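Engineer: Mind having a look at this structure? Questions to follow.
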Amino acid sequence: MKSRLTHLPVQDIEFQPDFAADFISEFIKACEKGKSGRDIYHSWKVCILTYMIGKKMGLSDFEQRELFFASLLHDIGGVMVGGHVVEKLTQVPDVYGQKNDFLIFAHPYRSQTIMRSFPTFRHVSKIIGAHHEFYDGSGFPSGLKGEEIPLAARMIRLADTVDVTMKLHHIDDISELLQFLHFSVGEEFDPTVFEAFRELVLNASLLDKVKDSAEIERNMKNIKGEMKDTYYFASPDTLNRFFRMISIVTDNLTSPSSLHSLQVSDTAVQIAGLMKQPDTEMMTIRWAGFLHDIGKLVVDRSVYFKKEKLTDEEWGQIRAHPQLTYDILNCVNGMDKIAFYALYHHENFDGSGYPEHLKGSKIPLGARILHVADAFEAMTSNRVHQRKKDWQDALDELKKNRGTQFDPEIVDAFVREFG
Ligand SMILES: [Fe+2]
Ligand SMILES: [Fe+2]
Ligand SMILES: [Fe+2]
Ligand SMILES: [Fe+2]
């Protein structure tokens, strides 16, 4: 069956101007959790520090927005199944070691590649790709030097090292930190950027703005308030491809079948078509498919690849993901419907699912559709604990669970079309 995606009227779905800042910041925060489950806030801290440096150095509003998004996204390619590049950087503090560590060396390029395909993010992606370049040309990956490195990337370089250094050396004392960083001025850091930073630290207590989670949350909220933007997602197609990119990042980090969310999204759109849903609803379901499992990024991601039997606690973590997806999306204006579809995508028709044991028509239709699409994708792909079923076996399984796990009407429509 031909997907109706290309005909969907994306422009009917409007997001507020604060959407880009809200969504990207919440998504990045979700990706940055330490082993203990606490927020690392690395990119948020970098964002707050560079915001202040940018203001001090007189960037225009547009440049300030570019700096904001580049700071948030600079390490998106450094989110790994087993952790985050910033944790690795604290173990490999010198640049020679970093260049020899493939994951560290490649992460600016990976971040750049992820963002490069979006025309409105093209310059942001250039900044991101250069965030480990050193002022004297000894950084990586390209060995750019001085003015060849975008100014915003030079600001991120400094803020990035400030966060890593404070973590690594447990430095709380400002003069000790400045002294430490001073050794690298003219080598790692642009002297002008460092001077702006130094003045801010001494005269405006810059580091207090990132000292604890309450301060970080408060300052980020204020900065986001200034980042109202209709440029980055001005084209509906960009927004669609952006959610698709998020689904690929999620699948890479959480799903042994590497296209899980993409395929769930495709199948769900096809089912929505069979259920005669209006086009705007199909678009909502498409995006809910892309985003339904982003909550999986929040827990220890290695659990999804574990071959041994899972403990009760690990199962608990896995079962928390619909709620965690909801928590991320619920912070973003305009995503309520998608948030609810994701929250209920593991509810069973007879009330035996989770997290709220909803039953029948109490479960939104979008969520019932996702549930069938999700199960079908899971059955027809190879998983850690289960080999894939063939198409017919998977259809039989849907029929077997018609009315218990799945909405019977959806199963009937699906089997009629694909059986
Ligand atoms: Fe980095
Ligand atoms: Fe970083
Ligand atoms: Fe799920
Ligand atoms: Fe899923």
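Letters A, B, ... go to the chains of the structure tokens in the order shown; residues in each chain start at 1; ligands are counted from 1 in the same order.
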Excluding Ser71 in chain A and residues on its chain fewer than 3 positions from it, collect all residues at most 7 Å away from it, counting only C-alpha atoms, and give them as a PyMOL selection string.
Structural biologist: chain A and resi 43+46-47+67-68+74+156
Engineer: Taking 6 positions as the minimum chain separation for residues in the same chain, which residues sit within 10 Å of Tyr232 in chain A when counting only C-alpha atoms? Answer as a PyMOL selection string.
Structural biologist: chain A and resi 17+19-21+65-66+69+118-121+238-239
Engineer: Enumerate, in order of chain and increasing residue number, the residues of range 222-290 of chain A with an atom no farther than 12 Å from range 294-307 of chain A, each with its shortest atom pair and distance in Å to one decimal, counting only C-alpha atoms, as a tab-separated table.
Structural biologist:
```
residue	atom	partner	partner_atom	distance
A:Phe243	CA	A:Ile294	CA	10.7
A:Arg244	CA	A:Ile294	CA	11.8
A:Met245	CA	A:Ile294	CA	11.8
A:Ile246	CA	A:Ile294	CA	8.2
A:Ser247	CA	A:Ile294	CA	7.6
A:Ile248	CA	A:Ile294	CA	10.3
A:Val249	CA	A:Ile294	CA	9.2
A:Thr250	CA	A:Ile294	CA	6.0
A:Asp251	CA	A:Ile294	CA	8.7
A:Asn252	CA	A:Leu297	CA	10.2
A:Leu253	CA	A:Arg301	CA	6.7
A:Thr254	CA	A:Tyr304	CA	5.8
A:Ser255	CA	A:Tyr304	CA	6.6
A:Pro256	CA	A:Phe305	CA	6.6
A:Ser257	CA	A:Phe305	CA	10.3
A:Ser258	CA	A:Phe305	CA	11.7
A:His260	CA	A:Ile294	CA	11.6
A:Ser261	CA	A:Ile294	CA	9.3
A:Trp287	CA	A:Ile294	CA	11.7
A:Ala288	CA	A:Ile294	CA	10.2
A:Gly289	CA	A:Ile294	CA	10.2
A:Phe290	CA	A:Ile294	CA	8.5
```
Engineer: Could you tell me how far CA of Ile24 in chain A lies from CA of Asp374 in chain A, in Å and to one decimal?
Structural biologist: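 CA of Asp374 in chain A lies at a distance of 24.7 Å from CA of Ile24 in chain A.
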Engineer: Please extract the residues at most 12 Å from ligand 2, counting only C-alpha atoms and all ligand atoms, and provide them as a CSV table (one decimal) with N, CA and C atoms, in the first residue's frame, using the chain letters and residue numbers of this document.
Structural biologist:
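Listing of result33.csv after writing:
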```
chain,number,residue,atom,x,y,z
A,28,ILE,N,17.6,16.8,24.7
A,28,ILE,CA,19.0,16.6,25.0
A,28,ILE,C,19.1,16.3,26.5
A,32,GLU,N,21.0,13.0,28.4
A,32,GLU,CA,22.2,13.2,29.3
A,32,GLU,C,21.9,12.8,30.7
A,40,ILE,N,23.0,15.0,33.9
A,40,ILE,CA,24.3,15.5,33.8
A,40,ILE,C,24.3,17.0,33.5
A,41,TYR,N,23.3,17.4,32.8
A,41,TYR,CA,23.1,18.8,32.4
A,41,TYR,C,24.3,19.3,31.6
A,42,HIS,N,25.1,18.5,31.0
A,42,HIS,CA,26.3,19.0,30.3
A,42,HIS,C,26.0,20.1,29.3
A,43,SER,N,25.2,19.7,28.3
A,43,SER,CA,24.9,20.7,27.2
A,43,SER,C,24.1,21.9,27.7
A,44,TRP,N,23.3,21.7,28.7
A,44,TRP,CA,22.5,22.8,29.3
A,44,TRP,C,23.5,23.8,30.0
A,45,LYS,N,24.5,23.2,30.6
A,45,LYS,CA,25.5,24.1,31.3
A,45,LYS,C,26.3,24.9,30.2
A,46,VAL,N,26.7,24.2,29.2
A,46,VAL,CA,27.5,24.8,28.1
A,46,VAL,C,26.6,25.9,27.5
A,47,CYS,N,25.3,25.6,27.4
A,47,CYS,CA,24.4,26.6,26.8
A,47,CYS,C,24.3,27.8,27.6
A,50,THR,N,27.7,29.8,27.4
A,50,THR,CA,28.0,30.5,26.1
A,50,THR,C,26.9,31.6,25.9
A,70,ALA,N,23.4,25.4,18.8
A,70,ALA,CA,24.7,24.7,18.6
A,70,ALA,C,25.2,24.2,20.0
A,71,SER,N,25.0,25.0,21.0
A,71,SER,CA,25.5,24.6,22.4
A,71,SER,C,24.6,23.4,22.8
A,72,LEU,N,23.3,23.4,22.6
A,72,LEU,CA,22.5,22.3,23.0
A,72,LEU,C,22.8,21.0,22.3
A,73,LEU,N,23.1,21.2,21.0
A,73,LEU,CA,23.2,20.0,20.2
A,73,LEU,C,24.7,19.5,20.0
A,74,HIS,N,25.7,20.2,20.5
A,74,HIS,CA,27.1,20.0,20.2
A,74,HIS,C,27.5,18.5,20.4
A,75,ASP,N,26.9,17.9,21.4
A,75,ASP,CA,27.4,16.5,21.7
A,75,ASP,C,26.3,15.5,21.4
A,76,ILE,N,25.4,15.8,20.5
A,76,ILE,CA,24.3,14.8,20.2
A,76,ILE,C,24.9,13.6,19.6
A,77,GLY,N,26.0,13.7,18.9
A,77,GLY,CA,26.7,12.5,18.3
A,77,GLY,C,27.6,11.8,19.4
A,78,GLY,N,27.6,12.3,20.6
A,78,GLY,CA,28.4,11.7,21.6
A,78,GLY,C,27.6,11.0,22.6
A,79,VAL,N,26.3,10.9,22.4
A,79,VAL,CA,25.4,10.1,23.2
A,79,VAL,C,25.6,8.6,22.8
A,84,HIS,N,27.9,8.7,27.9
A,84,HIS,CA,28.0,10.0,27.2
A,84,HIS,C,29.4,10.4,27.1
A,85,VAL,N,29.7,11.0,25.9
A,85,VAL,CA,31.1,11.3,25.6
A,85,VAL,C,31.8,12.2,26.7
A,86,VAL,N,31.0,13.0,27.4
A,86,VAL,CA,31.6,13.8,28.5
A,86,VAL,C,32.1,13.0,29.6
A,87,GLU,N,31.5,11.8,29.9
A,87,GLU,CA,32.1,10.9,30.9
A,87,GLU,C,33.4,10.4,30.4
A,88,LYS,N,33.5,10.1,29.1
A,88,LYS,CA,34.8,9.6,28.5
A,88,LYS,C,35.9,10.7,28.6
A,89,LEU,N,35.5,11.9,28.3
A,89,LEU,CA,36.4,13.0,28.3
A,89,LEU,C,37.1,13.2,29.6
A,90,THR,N,36.3,13.0,30.7
A,90,THR,CA,36.9,13.1,32.0
A,90,THR,C,38.0,12.1,32.3
A,104,ILE,N,35.7,9.6,20.9
A,104,ILE,CA,35.8,11.0,21.2
A,104,ILE,C,36.2,11.8,19.9
A,107,HIS,N,33.1,12.2,17.6
A,107,HIS,CA,31.8,12.7,18.0
A,107,HIS,C,31.4,14.1,17.4
A,108,PRO,N,32.4,15.1,17.2
A,108,PRO,CA,32.0,16.4,16.7
A,108,PRO,C,31.4,16.2,15.2
A,111,SER,N,28.0,14.6,15.4
A,111,SER,CA,27.0,15.6,15.7
A,111,SER,C,26.7,16.5,14.5
A,128,ILE,N,28.9,23.2,15.3
A,128,ILE,CA,29.0,21.9,16.1
A,128,ILE,C,30.2,21.1,15.7
A,129,GLY,N,30.4,21.0,14.4
A,129,GLY,CA,31.5,20.2,13.9
A,129,GLY,C,32.9,20.7,14.3
A,130,ALA,N,32.9,22.0,14.7
A,130,ALA,CA,34.2,22.6,15.0
A,130,ALA,C,34.4,22.8,16.5
A,131,HIS,N,33.5,22.1,17.3
A,131,HIS,CA,33.6,22.5,18.8
A,131,HIS,C,34.8,21.9,19.5
A,132,HIS,N,35.6,21.0,18.9
A,132,HIS,CA,36.8,20.5,19.5
A,132,HIS,C,38.1,21.0,18.8
A,153,ALA,N,31.8,28.4,17.9
A,153,ALA,CA,32.5,27.1,18.3
A,153,ALA,C,33.6,27.4,19.3
A,155,MET,N,33.5,29.7,21.5
A,155,MET,CA,32.8,29.9,22.8
A,155,MET,C,32.5,28.5,23.4
A,156,ILE,N,31.9,27.6,22.6
A,156,ILE,CA,31.5,26.3,23.1
A,156,ILE,C,32.8,25.6,23.6
A,157,ARG,N,33.9,25.7,22.9
A,157,ARG,CA,35.2,25.0,23.3
A,157,ARG,C,35.5,25.4,24.8
A,158,LEU,N,35.4,26.7,25.1
A,158,LEU,CA,35.8,27.1,26.4
A,158,LEU,C,34.7,26.6,27.4
A,159,ALA,N,33.5,26.8,27.1
A,159,ALA,CA,32.4,26.4,28.1
A,159,ALA,C,32.5,24.9,28.3
A,160,ASP,N,32.7,24.1,27.3
A,160,ASP,CA,32.8,22.7,27.3
A,160,ASP,C,34.0,22.3,28.3
A,161,THR,N,35.1,22.9,28.1
A,161,THR,CA,36.3,22.6,29.0
A,161,THR,C,36.0,23.0,30.4
A,162,VAL,N,35.3,24.1,30.6
A,162,VAL,CA,35.0,24.6,31.9
A,162,VAL,C,34.2,23.5,32.7
A,163,ASP,N,33.2,23.0,32.0
A,163,ASP,CA,32.4,21.9,32.7
A,163,ASP,C,33.2,20.6,33.0
A,164,VAL,N,33.9,20.2,31.9
A,164,VAL,CA,34.7,19.0,32.1
A,164,VAL,C,35.8,19.2,33.2
A,165,THR,N,36.5,20.3,33.2
A,165,THR,CA,37.5,20.6,34.1
A,165,THR,C,37.0,20.6,35.6
```
Engineer: Would you return as a ChimeraX atom specification the members of range 148-388 of chain A that DSSP assigns to alpha helix (DSSP H) on this structure's backbone?
Structural biologist: /A:151-169,174-182,191-204,213-226,236-254,260-274,279-291,312-319,321-330,336-343,365-379
Engineer: Would you kindly return, as a PyMOL selection string, each protein, DNA or RNA residue with an atom no farther than 12 Å from any atom of Leu200 in chain A, considering only C-alpha atoms and excluding same-chain residues fewer than 5 positions away?
Structural biologist: chain A and resi 49-57+174+178+193-195+205-209
Engineer: Given the selection you just returned, output its residues as a file containing N, CA and C atoms, formatted as an mmCIF file, in the first residue's frame.
Structural biologist:
```
data_model
loop_
_atom_site.group_PDB
_atom_site.id
_atom_site.type_symbol
_atom_site.label_atom_id
_atom_site.label_comp_id
_atom_site.auth_asym_id
_atom_site.auth_seq_id
_atom_site.Cartn_x
_atom_site.Cartn_y
_atom_site.Cartn_z
ATOM 1 N N LEU A 49 26.466 28.994 29.849
ATOM 2 C CA LEU A 49 27.753 29.720 29.852
ATOM 3 C C LEU A 49 27.963 30.466 28.531
ATOM 4 N N THR A 50 27.717 29.796 27.408
ATOM 5 C CA THR A 50 27.958 30.467 26.119
ATOM 6 C C THR A 50 26.949 31.587 25.884
ATOM 7 N N TYR A 51 25.748 31.422 26.422
ATOM 8 C CA TYR A 51 24.754 32.502 26.284
ATOM 9 C C TYR A 51 25.309 33.796 26.899
ATOM 10 N N MET A 52 25.866 33.655 28.090
ATOM 11 C CA MET A 52 26.404 34.839 28.783
ATOM 12 C C MET A 52 27.621 35.401 28.048
ATOM 13 N N ILE A 53 28.486 34.500 27.565
ATOM 14 C CA ILE A 53 29.676 34.963 26.827
ATOM 15 C C ILE A 53 29.240 35.685 25.542
ATOM 16 N N GLY A 54 28.253 35.101 24.862
ATOM 17 C CA GLY A 54 27.750 35.707 23.621
ATOM 18 C C GLY A 54 27.192 37.097 23.861
ATOM 19 N N LYS A 55 26.441 37.248 24.944
ATOM 20 C CA LYS A 55 25.880 38.570 25.299
ATOM 21 C C LYS A 55 27.010 39.560 25.539
ATOM 22 N N LYS A 56 27.971 39.093 26.315
ATOM 23 C CA LYS A 56 29.104 39.967 26.683
ATOM 24 C C LYS A 56 29.864 40.409 25.430
ATOM 25 N N MET A 57 29.966 39.500 24.452
ATOM 26 C CA MET A 57 30.732 39.824 23.245
ATOM 27 C C MET A 57 29.872 40.462 22.159
ATOM 28 N N ILE A 174 37.202 29.775 42.204
ATOM 29 C CA ILE A 174 37.233 30.474 40.918
ATOM 30 C C ILE A 174 38.658 30.807 40.462
ATOM 31 N N LEU A 178 40.451 29.638 37.012
ATOM 32 C CA LEU A 178 40.977 30.579 36.007
ATOM 33 C C LEU A 178 42.460 30.325 35.750
ATOM 34 N N VAL A 193 37.723 35.370 23.736
ATOM 35 C CA VAL A 193 36.626 34.635 24.377
ATOM 36 C C VAL A 193 36.980 34.391 25.850
ATOM 37 N N PHE A 194 38.220 34.013 26.085
ATOM 38 C CA PHE A 194 38.636 33.762 27.471
ATOM 39 C C PHE A 194 38.504 35.030 28.315
ATOM 40 N N GLU A 195 38.885 36.175 27.749
ATOM 41 C CA GLU A 195 38.831 37.428 28.499
ATOM 42 C C GLU A 195 37.374 37.756 28.881
ATOM 43 N N SER A 205 29.577 36.674 38.636
ATOM 44 C CA SER A 205 29.393 35.340 39.250
ATOM 45 C C SER A 205 28.818 34.324 38.262
ATOM 46 N N LEU A 206 29.410 34.272 37.090
ATOM 47 C CA LEU A 206 28.886 33.400 36.032
ATOM 48 C C LEU A 206 28.697 31.950 36.490
ATOM 49 N N LEU A 207 29.675 31.461 37.243
ATOM 50 C CA LEU A 207 29.609 30.029 37.579
ATOM 51 C C LEU A 207 28.457 29.692 38.528
ATOM 52 N N ASP A 208 27.960 30.703 39.263
ATOM 53 C CA ASP A 208 26.798 30.449 40.133
ATOM 54 C C ASP A 208 25.581 30.033 39.316
ATOM 55 N N LYS A 209 25.558 30.459 38.053
ATOM 56 C CA LYS A 209 24.393 30.145 37.211
ATOM 57 C C LYS A 209 24.309 28.661 36.856
#
```
Engineer: Which residue gives the smallest distance to ligand 1 among A:Gln98, A:Leu358, A:Gly37, A:Tyr341, with only C-alpha atoms and all ligand atoms counted?
Structural biologist: A:Gln98
Engineer: For Tyr354 in chain A, list every protein, DNA or RNA residue within 8 Å, evaluated using only C-alpha atoms, and leave out those in the same chain fewer than 6 positions away; present the list as a ChimeraX atom specification.
Structural biologist: /A:319,344,346-348
Engineer: Residues up to 7 Å from ligand 3, counting only C-alpha atoms and all ligand atoms: could you list those as a list of chain:residue names?
Structural biologist: A:His292, A:Asp293, A:His321, A:Pro322, A:His345, A:His346
Engineer: Please report the interatomic distance between CA of Met379 in chain A and CA of Ser265 in chain A in Å with one decimal.
Structural biologist: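 About the pair CA of Met379 in chain A and CA of Ser265 in chain A: they are 15.2 Å apart.
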Engineer: Using only C-alpha atoms and all ligand atoms, can you tell me which of A:Glu377, A:Asp190, A:Glu26, A:Asp312 comes closest to ligand 4?
Structural biologist: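 Nearest candidate to ligand 4 out of A:Glu377, A:Asp190, A:Glu26, A:Asp312: A:Glu377.
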Engineer: Go through A:Val95, A:Val185, A:Ile318, A:Ala214 one by one, measure the shortest atom-to-atom distance of each to ligand 1 using only C-alpha atoms and all ligand atoms, and give the residue with the smallest value.
Structural biologist: A:Val95
Engineer: Using only C-alpha atoms and all ligand atoms, which of the listed residues (A:Met335, A:Ile410, A:Leu103, A:Leu59) sits closest to ligand 1?
Structural biologist: A:Leu103
Engineer: Please determine, counting only C-alpha atoms and all ligand atoms, which residue among A:Arg110, A:Gln91, A:Leu274, A:Ala30 has the shortest atom-to-atom distance to ligand 1.
Structural biologist: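 Closest to ligand 1, using only C-alpha atoms and all ligand atoms: A:Arg110.
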Engineer: With only C-alpha atoms as the counted atoms, please give the residues lying no more than 12 Å from Pro191 in chain A, apart from itself and same-chain residues fewer than 6 positions off, as a PyMOL selection string.
Structural biologist: chain A and resi 134-136+146-147+151+154-155+158+181-185+197-198
Engineer: Which of these, A:Asn401, A:Asn100, A:Gln112, A:Gln16, has the shortest distance to ligand 1 once you count only C-alpha atoms and all ligand atoms?
Structural biologist: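 Smallest distance to ligand 1 is found for A:Gln112.
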Engineer: Distance CA of Asp266 in chain A-CA of Tyr109 in chain A, one decimal place?
Structural biologist: 29.2 Å
